[in-house]
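File shown here: entry.tsv, holding TSV, C-alpha atoms.
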```
chain	number	residue	atom	x	y	z
A	18	MET	CA	133.20	245.51	68.88
A	19	SER	CA	132.56	249.08	67.71
A	20	PHE	CA	135.28	251.69	67.34
A	21	ILE	CA	135.07	255.45	67.68
A	22	LEU	CA	136.36	257.35	64.65
A	23	THR	CA	138.36	260.54	64.90
A	24	LYS	CA	136.91	263.61	63.20
A	25	LYS	CA	139.30	263.28	60.25
A	26	GLN	CA	138.66	259.53	59.87
A	27	GLN	CA	134.91	260.23	59.78
A	28	GLU	CA	135.45	262.94	57.14
A	29	VAL	CA	137.47	260.55	54.96
A	30	LEU	CA	134.82	257.84	55.31
A	31	GLU	CA	132.03	260.25	54.39
A	32	PHE	CA	134.02	261.40	51.35
A	33	LEU	CA	134.42	257.77	50.22
A	34	LYS	CA	130.67	257.18	50.55
A	35	LYS	CA	129.71	260.38	48.72
A	36	TYR	CA	132.20	259.73	45.92
A	37	TYR	CA	130.87	256.19	45.42
A	38	GLU	CA	127.25	257.37	45.33
A	39	GLU	CA	128.10	260.00	42.72
A	40	ASN	CA	130.38	257.87	40.51
A	41	GLY	CA	129.54	254.21	41.12
A	42	TYR	CA	133.11	253.34	42.08
A	43	SER	CA	135.56	254.30	44.81
A	44	PRO	CA	138.10	257.14	44.46
A	45	SER	CA	141.80	256.62	43.99
A	46	MET	CA	144.12	257.37	46.87
A	47	ARG	CA	145.43	260.38	44.94
A	48	GLU	CA	141.90	261.80	44.55
A	49	VAL	CA	141.27	261.47	48.28
A	50	ALA	CA	144.61	263.16	49.03
A	51	LEU	CA	143.82	266.03	46.65
A	52	ASN	CA	140.36	266.52	48.18
A	53	PHE	CA	141.80	266.94	51.68
A	54	LYS	CA	145.00	268.69	50.49
A	55	ILE	CA	147.22	266.21	52.32
A	56	SER	CA	149.89	263.73	51.26
A	57	ILE	CA	149.25	260.22	49.94
A	58	PRO	CA	151.19	258.65	52.89
A	59	THR	CA	148.84	260.49	55.27
A	60	ILE	CA	145.81	259.11	53.41
A	61	GLN	CA	147.39	255.66	53.52
A	62	GLY	CA	147.50	256.03	57.28
A	63	TYR	CA	143.81	256.96	57.44
A	64	PHE	CA	142.93	253.99	55.21
A	65	LYS	CA	144.92	251.68	57.47
A	66	GLU	CA	143.10	252.92	60.57
A	67	LEU	CA	139.68	252.68	58.89
A	68	THR	CA	140.53	249.12	57.84
A	69	LEU	CA	141.59	248.16	61.37
A	70	LYS	CA	138.34	249.62	62.70
A	71	GLY	CA	136.30	247.60	60.23
A	72	MET	CA	134.99	250.56	58.27
A	73	ILE	CA	136.56	249.70	54.90
A	74	SER	CA	138.44	246.91	53.16
A	75	LYS	CA	140.47	246.82	49.96
A	76	LEU	CA	140.32	244.13	47.29
A	77	PRO	CA	143.88	242.96	46.45
A	78	ASN	CA	145.51	243.74	43.10
A	79	LYS	CA	142.67	245.96	41.95
A	80	SER	CA	142.48	249.72	41.52
A	81	ARG	CA	139.60	251.77	42.94
A	82	SER	CA	138.74	248.77	45.08
A	83	ILE	CA	137.82	250.31	48.44
A	84	VAL	CA	134.79	248.48	49.88
A	85	ILE	CA	132.86	250.43	52.51
A	86	LYS	CA	131.54	248.29	55.36
A	87	GLY	CA	129.21	248.64	58.33
A	88	ASP	CA	125.98	250.61	58.44
A	89	ASN	CA	124.88	253.48	56.19
A	90	LEU	CA	126.49	252.11	53.01
A	91	PRO	CA	126.31	253.99	49.73
A	92	LYS	CA	122.93	253.25	48.15
A	93	ASN	CA	124.45	251.95	44.92
A	94	MET	CA	127.36	249.93	46.32
A	95	SER	CA	127.51	246.31	45.19
A	96	ILE	CA	129.84	243.41	45.85
A	97	SER	CA	130.85	240.38	43.74
A	98	ILE	CA	129.60	237.00	44.97
A	99	PRO	CA	130.39	233.66	43.23
A	100	GLU	CA	127.63	231.76	41.43
A	101	LEU	CA	128.38	228.18	42.48
A	102	GLY	CA	125.80	226.17	40.58
A	103	THR	CA	122.12	225.27	40.29
A	104	ILE	CA	119.54	224.62	43.01
A	105	SER	CA	116.30	222.72	42.38
A	106	ALA	CA	112.98	224.29	43.30
A	107	GLY	CA	111.52	220.80	43.01
A	108	GLU	CA	112.37	217.29	44.17
A	109	GLY	CA	116.10	217.96	44.11
A	110	ILE	CA	119.03	218.16	41.73
A	111	ILE	CA	122.35	216.30	41.89
A	112	VAL	CA	124.93	218.41	43.73
A	113	ASN	CA	127.45	219.77	41.22
A	114	GLU	CA	129.20	222.96	42.30
A	115	ASN	CA	131.12	225.04	39.78
A	116	ASP	CA	134.87	225.07	40.50
A	117	ASN	CA	135.40	228.10	38.24
A	118	PRO	CA	132.37	230.27	39.02
A	119	ASP	CA	131.13	233.45	37.44
A	120	PHE	CA	130.52	236.35	39.82
A	121	VAL	CA	127.26	238.16	40.48
A	122	GLU	CA	126.94	241.75	41.68
A	123	VAL	CA	124.64	242.00	44.70
A	124	PRO	CA	123.81	245.00	46.93
A	125	ALA	CA	126.55	245.36	49.54
A	126	SER	CA	123.90	246.02	52.19
A	127	TRP	CA	122.80	242.36	51.84
A	128	VAL	CA	126.23	241.00	52.76
A	129	LYS	CA	128.14	241.33	56.03
A	130	ASN	CA	131.05	238.98	55.34
A	131	PRO	CA	131.39	238.17	51.60
A	132	SER	CA	133.20	234.88	52.26
A	133	GLN	CA	130.03	233.52	53.92
A	134	TYR	CA	127.81	234.01	50.86
A	135	TYR	CA	127.29	232.47	47.43
A	136	CYS	CA	124.71	232.55	44.64
A	137	LEU	CA	122.77	229.72	43.01
A	138	ARG	CA	120.64	229.52	39.85
A	139	VAL	CA	117.09	228.28	40.50
A	140	SER	CA	115.59	225.45	38.46
A	141	GLY	CA	111.85	224.89	38.83
A	142	PHE	CA	108.73	226.53	40.28
A	143	SER	CA	108.15	224.96	43.70
A	144	MET	CA	108.85	228.31	45.42
A	145	TYR	CA	106.84	230.55	43.11
A	146	GLU	CA	104.47	231.83	45.83
A	147	ASP	CA	107.52	233.47	47.42
A	148	GLY	CA	108.35	235.07	44.07
A	149	ILE	CA	111.27	232.71	43.38
A	150	LEU	CA	110.96	231.59	39.76
A	151	ASP	CA	112.78	229.34	37.33
A	152	ASN	CA	116.19	230.77	36.26
A	153	ASP	CA	116.28	233.33	39.09
A	154	LEU	CA	119.48	233.84	41.04
A	155	ILE	CA	119.38	233.62	44.80
A	156	LEU	CA	121.83	234.81	47.44
A	157	VAL	CA	122.61	232.23	50.12
A	158	LYS	CA	124.43	232.54	53.44
A	159	ARG	CA	126.48	229.52	54.42
A	160	GLN	CA	125.11	227.95	57.60
A	161	ALA	CA	124.37	224.45	58.85
A	162	THR	CA	121.33	225.23	61.00
A	163	ALA	CA	117.86	226.65	60.37
A	164	ASP	CA	114.83	227.91	62.25
A	165	ASP	CA	111.23	227.02	61.42
A	166	GLY	CA	110.10	229.08	58.43
A	167	ASP	CA	113.59	229.67	57.01
A	168	THR	CA	114.00	229.08	53.29
A	169	VAL	CA	117.07	226.87	53.02
A	170	VAL	CA	119.40	225.07	50.69
A	171	ALA	CA	118.90	221.48	51.85
A	172	ILE	CA	120.85	218.44	50.73
A	173	ARG	CA	118.75	215.29	50.46
A	174	LYS	CA	120.64	212.11	51.35
A	175	ASP	CA	117.78	209.66	50.90
A	176	SER	CA	119.13	208.20	47.64
A	177	GLN	CA	122.47	207.03	46.26
A	178	GLU	CA	123.35	210.55	45.10
A	179	GLU	CA	122.99	213.71	47.17
A	180	ARG	CA	120.44	216.14	45.77
A	181	ALA	CA	120.06	219.84	46.54
A	182	THR	CA	116.67	221.49	46.90
A	183	LEU	CA	115.33	224.91	47.92
A	184	LYS	CA	112.48	224.62	50.43
A	185	VAL	CA	111.05	226.07	53.65
A	186	PHE	CA	112.42	224.28	56.72
A	187	TYR	CA	110.32	222.93	59.61
A	188	ASN	CA	111.52	220.81	62.51
A	189	LYS	CA	109.06	217.96	63.14
A	190	GLY	CA	110.92	216.15	65.90
A	191	ASN	CA	112.36	212.98	64.40
A	192	GLN	CA	111.70	214.29	60.92
A	193	ILE	CA	112.42	217.40	58.88
A	194	GLU	CA	109.71	218.87	56.66
A	195	LEU	CA	110.89	220.60	53.50
A	196	ARG	CA	107.83	222.55	52.40
A	197	PRO	CA	107.36	224.00	48.90
A	198	LYS	CA	105.56	227.29	48.29
A	199	ASN	CA	103.43	225.84	45.51
A	200	PRO	CA	99.97	224.46	46.40
A	201	ARG	CA	100.23	221.79	43.69
A	202	LEU	CA	103.24	220.17	45.39
A	203	ASN	CA	103.53	218.19	48.59
A	204	SER	CA	106.05	218.62	51.39
A	205	ILE	CA	109.05	216.32	51.58
A	206	PHE	CA	109.45	214.54	54.93
A	207	LEU	CA	112.87	213.07	55.73
A	208	ASN	CA	114.63	211.66	58.75
A	209	ARG	CA	117.15	214.04	60.31
A	210	MET	CA	120.07	211.94	59.10
A	211	GLU	CA	118.79	212.28	55.53
A	212	VAL	CA	118.98	216.09	55.48
A	213	GLU	CA	121.93	218.48	55.60
A	214	ILE	CA	121.42	222.25	55.68
A	215	ARG	CA	123.96	224.08	53.52
A	216	GLY	CA	122.66	227.63	53.69
A	217	LYS	CA	119.84	230.12	54.18
A	218	PHE	CA	118.14	232.12	51.43
A	219	CYS	CA	118.96	235.82	51.86
A	220	GLY	CA	117.93	237.57	48.67
A	221	LEU	CA	116.62	237.30	45.11
A	222	ILE	CA	118.40	238.60	42.02
A	223	ARG	CA	115.91	238.64	39.16
A	224	THR	CA	117.59	238.31	35.77
A	225	GLU	CA	115.98	239.40	32.54
A	226	ASN	CA	116.19	237.03	29.58
```
Once you've parsed the file, please lay out its structure as structure tokens.
Amino acid sequence: MSFILTKKQQEVLEFLKKYYEENGYSPSMREVALNFKISIPTIQGYFKELTLKGMISKLPNKSRSIVIKGDNLPKNMSISIPELGTISAGEGIIVNENDNPDFVEVPASWVKNPSQYYCLRVSGFSMYEDGILDNDLILVKRQATADDGDTVVAIRKDSQEERATLKVFYNKGNQIELRPKNPRLNSIFLNRMEVEIRGKFCGLIRTEN
């Protein structure tokens, strides 16, 4: 559902965007009030309405924490996403998620609902033709389904321990093909009951060593 903003709400939203692009962080409520020469309670009211209309959100217990949402985000806005563990770009790695994760800054334009996303560290080179290399970070959207050609986080259940792997998904009827993007490696074919989709690849964060 889309909401129509009043003229003043639109002006406040544009000010928030411009301030973030110029400074790399959001303004304080006092700075917004001073810019428009109105009281802080009035600005609080505008923030409440913009939040209800899905235009902004505020991280709890943090100053300068306004997050702008929707289309036309500030070019330099980022958002913190948890790094939950390691994903194999190979035969698979034992599932071992981090209960106390570090956080990775990713472009806010990549993320619609932060709670649906997480990051993983890549181990291996089976996806190198797609530019996904060993030790890269990838952004993943939580989902349990996939379309042909999607790059997915797949859990292999064909051994005593579940193993996670990053591959391209193809539905082959009674089987699932997990295809690498490395001509030296072969596809993995598994029965449907031996595969669980945990997420879809949405972006690459290259880290420099």
Could you produce a table of the residues of segment 90-180 of chain A lying within 12 Å of segment 185-195 of chain A, with the nearest pair of atoms per residue and their separation in Å rounded to one decimal, using all atoms listed in the file, ordered by chain and increasing residue number, as a Markdown table?
```
| residue | atom | partner | partner_atom | distance |
| --- | --- | --- | --- | --- |
| A:Ala106 | CA | A:Val185 | CA | 10.7 |
| A:Gly107 | CA | A:Leu195 | CA | 10.5 |
| A:Glu108 | CA | A:Leu195 | CA | 10.0 |
| A:Gly109 | CA | A:Leu195 | CA | 11.1 |
| A:Ser143 | CA | A:Val185 | CA | 10.4 |
| A:Met144 | CA | A:Val185 | CA | 8.8 |
| A:Glu146 | CA | A:Val185 | CA | 11.7 |
| A:Asp147 | CA | A:Val185 | CA | 10.3 |
| A:Thr162 | CA | A:Phe186 | CA | 9.9 |
| A:Ala163 | CA | A:Phe186 | CA | 7.0 |
| A:Asp164 | CA | A:Phe186 | CA | 7.0 |
| A:Asp165 | CA | A:Tyr187 | CA | 4.6 |
| A:Gly166 | CA | A:Phe186 | CA | 5.6 |
| A:Asp167 | CA | A:Phe186 | CA | 5.5 |
| A:Thr168 | CA | A:Val185 | CA | 4.2 |
| A:Val169 | CA | A:Val185 | CA | 6.1 |
| A:Val170 | CA | A:Val185 | CA | 8.9 |
| A:Ala171 | CA | A:Leu195 | CA | 8.2 |
| A:Ile172 | CA | A:Leu195 | CA | 10.6 |
| A:Arg173 | CA | A:Leu195 | CA | 10.0 |
```
Pick from A:Tyr36, A:Trp127, A:Phe64, A:Tyr135, whichever lies nearest to Gly102 of chain A using all atoms listed in the file
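Nearest candidate to Gly102 of chain A out of A:Tyr36, A:Trp127, A:Phe64, A:Tyr135: A:Tyr135.
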Find the residues near Tyr145 of chain A: any atom within 10 Å, counting all atoms listed in the file, skip ones fewer than 6 places away on the same chain, and give them as a VMD selection string.
chain A and resid 106 151 197 to 200
Lys92 of chain A: which residues within 12 Å, counting only C-alpha atoms, same-chain residues fewer than 6 positions away excluded, as an MDAnalysis selection string?
chainID A and resid 34:42 85 123:127
What does the distance between atom CA of Ala181 of chain A and atom CA of Ser95 of chain A come to in Å, to one decimal place?
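Interatomic distance here is 27.5 Å.
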Option closest in space to Val29 of chain A, from A:Pro99, A:Pro58, A:Tyr63, A:Arg159 [counting only C-alpha atoms]:
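Among A:Pro99, A:Pro58, A:Tyr63, A:Arg159, it is A:Tyr63 that comes nearest to Val29 of chain A.
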Which is closest to Phe142 of chain A among A:Met72, A:Ile83, A:Val128, A:Leu183, if we use all atoms listed in the file?
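For Phe142 of chain A, the nearest of the candidates is A:Leu183.
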Expected residue set, 10 Å radius at (133.3, 247.9, 55.7), all atoms listed in the file, as a CSV table (one decimal) with C-alpha atoms, keeping the file's coordinate frame:
```csv
chain,number,residue,atom,x,y,z
A,67,LEU,CA,139.7,252.7,58.9
A,68,THR,CA,140.5,249.1,57.8
A,70,LYS,CA,138.3,249.6,62.7
A,71,GLY,CA,136.3,247.6,60.2
A,72,MET,CA,135.0,250.6,58.3
A,73,ILE,CA,136.6,249.7,54.9
A,74,SER,CA,138.4,246.9,53.2
A,75,LYS,CA,140.5,246.8,50.0
A,83,ILE,CA,137.8,250.3,48.4
A,84,VAL,CA,134.8,248.5,49.9
A,85,ILE,CA,132.9,250.4,52.5
A,86,LYS,CA,131.5,248.3,55.4
A,87,GLY,CA,129.2,248.6,58.3
A,88,ASP,CA,126.0,250.6,58.4
A,90,LEU,CA,126.5,252.1,53.0
A,125,ALA,CA,126.6,245.4,49.5
A,129,LYS,CA,128.1,241.3,56.0
A,130,ASN,CA,131.0,239.0,55.3
```
My list of candidates is A:Gln160, A:Gln177, A:Ser43, A:Asn117. Which is closest to Phe218 of chain A when distances are computed with all atoms listed in the file?
A:Gln160
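Nearest-residue note for Phe32 of chain A: choosing from A:Lys65, A:Ile205, A:Pro44, A:Pro131, the minimum distance belongs to A:Pro44, counting only C-alpha atoms.
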Just how far from atom CA of Ser82 of chain A is atom CA of Asp153 of chain A, in Å to one decimal?
27.9 Å
Taking into account only C-alpha atoms, which residue in the set A:Ser105, A:Asn208, A:Asp119, A:Ser97 is nearest to Ser132 of chain A?
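For Ser132 of chain A, the nearest of the given residues is A:Ser97.
Here atom CA of Leu30 of chain A and atom CA of Lys54 of chain A stand 15.6 Å from one another.
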Which neighbours of Cys219 of chain A fall inside 7 Å, counting all atoms listed in the file, when residues of the same chain fewer than 6 positions from it are skipped, and could you give them as a count of residues only?
3
Within 8 Å of file point (127.5, 230.3, 40.0), counting all atoms listed in the file, expressed as a list in words:
Pro99, Glu100, Leu101, Gly102, Thr103, Glu114, Asn115, Pro118, Asp119, Phe120, Val121, Tyr135, Cys136, Leu137 and Arg138 of chain A
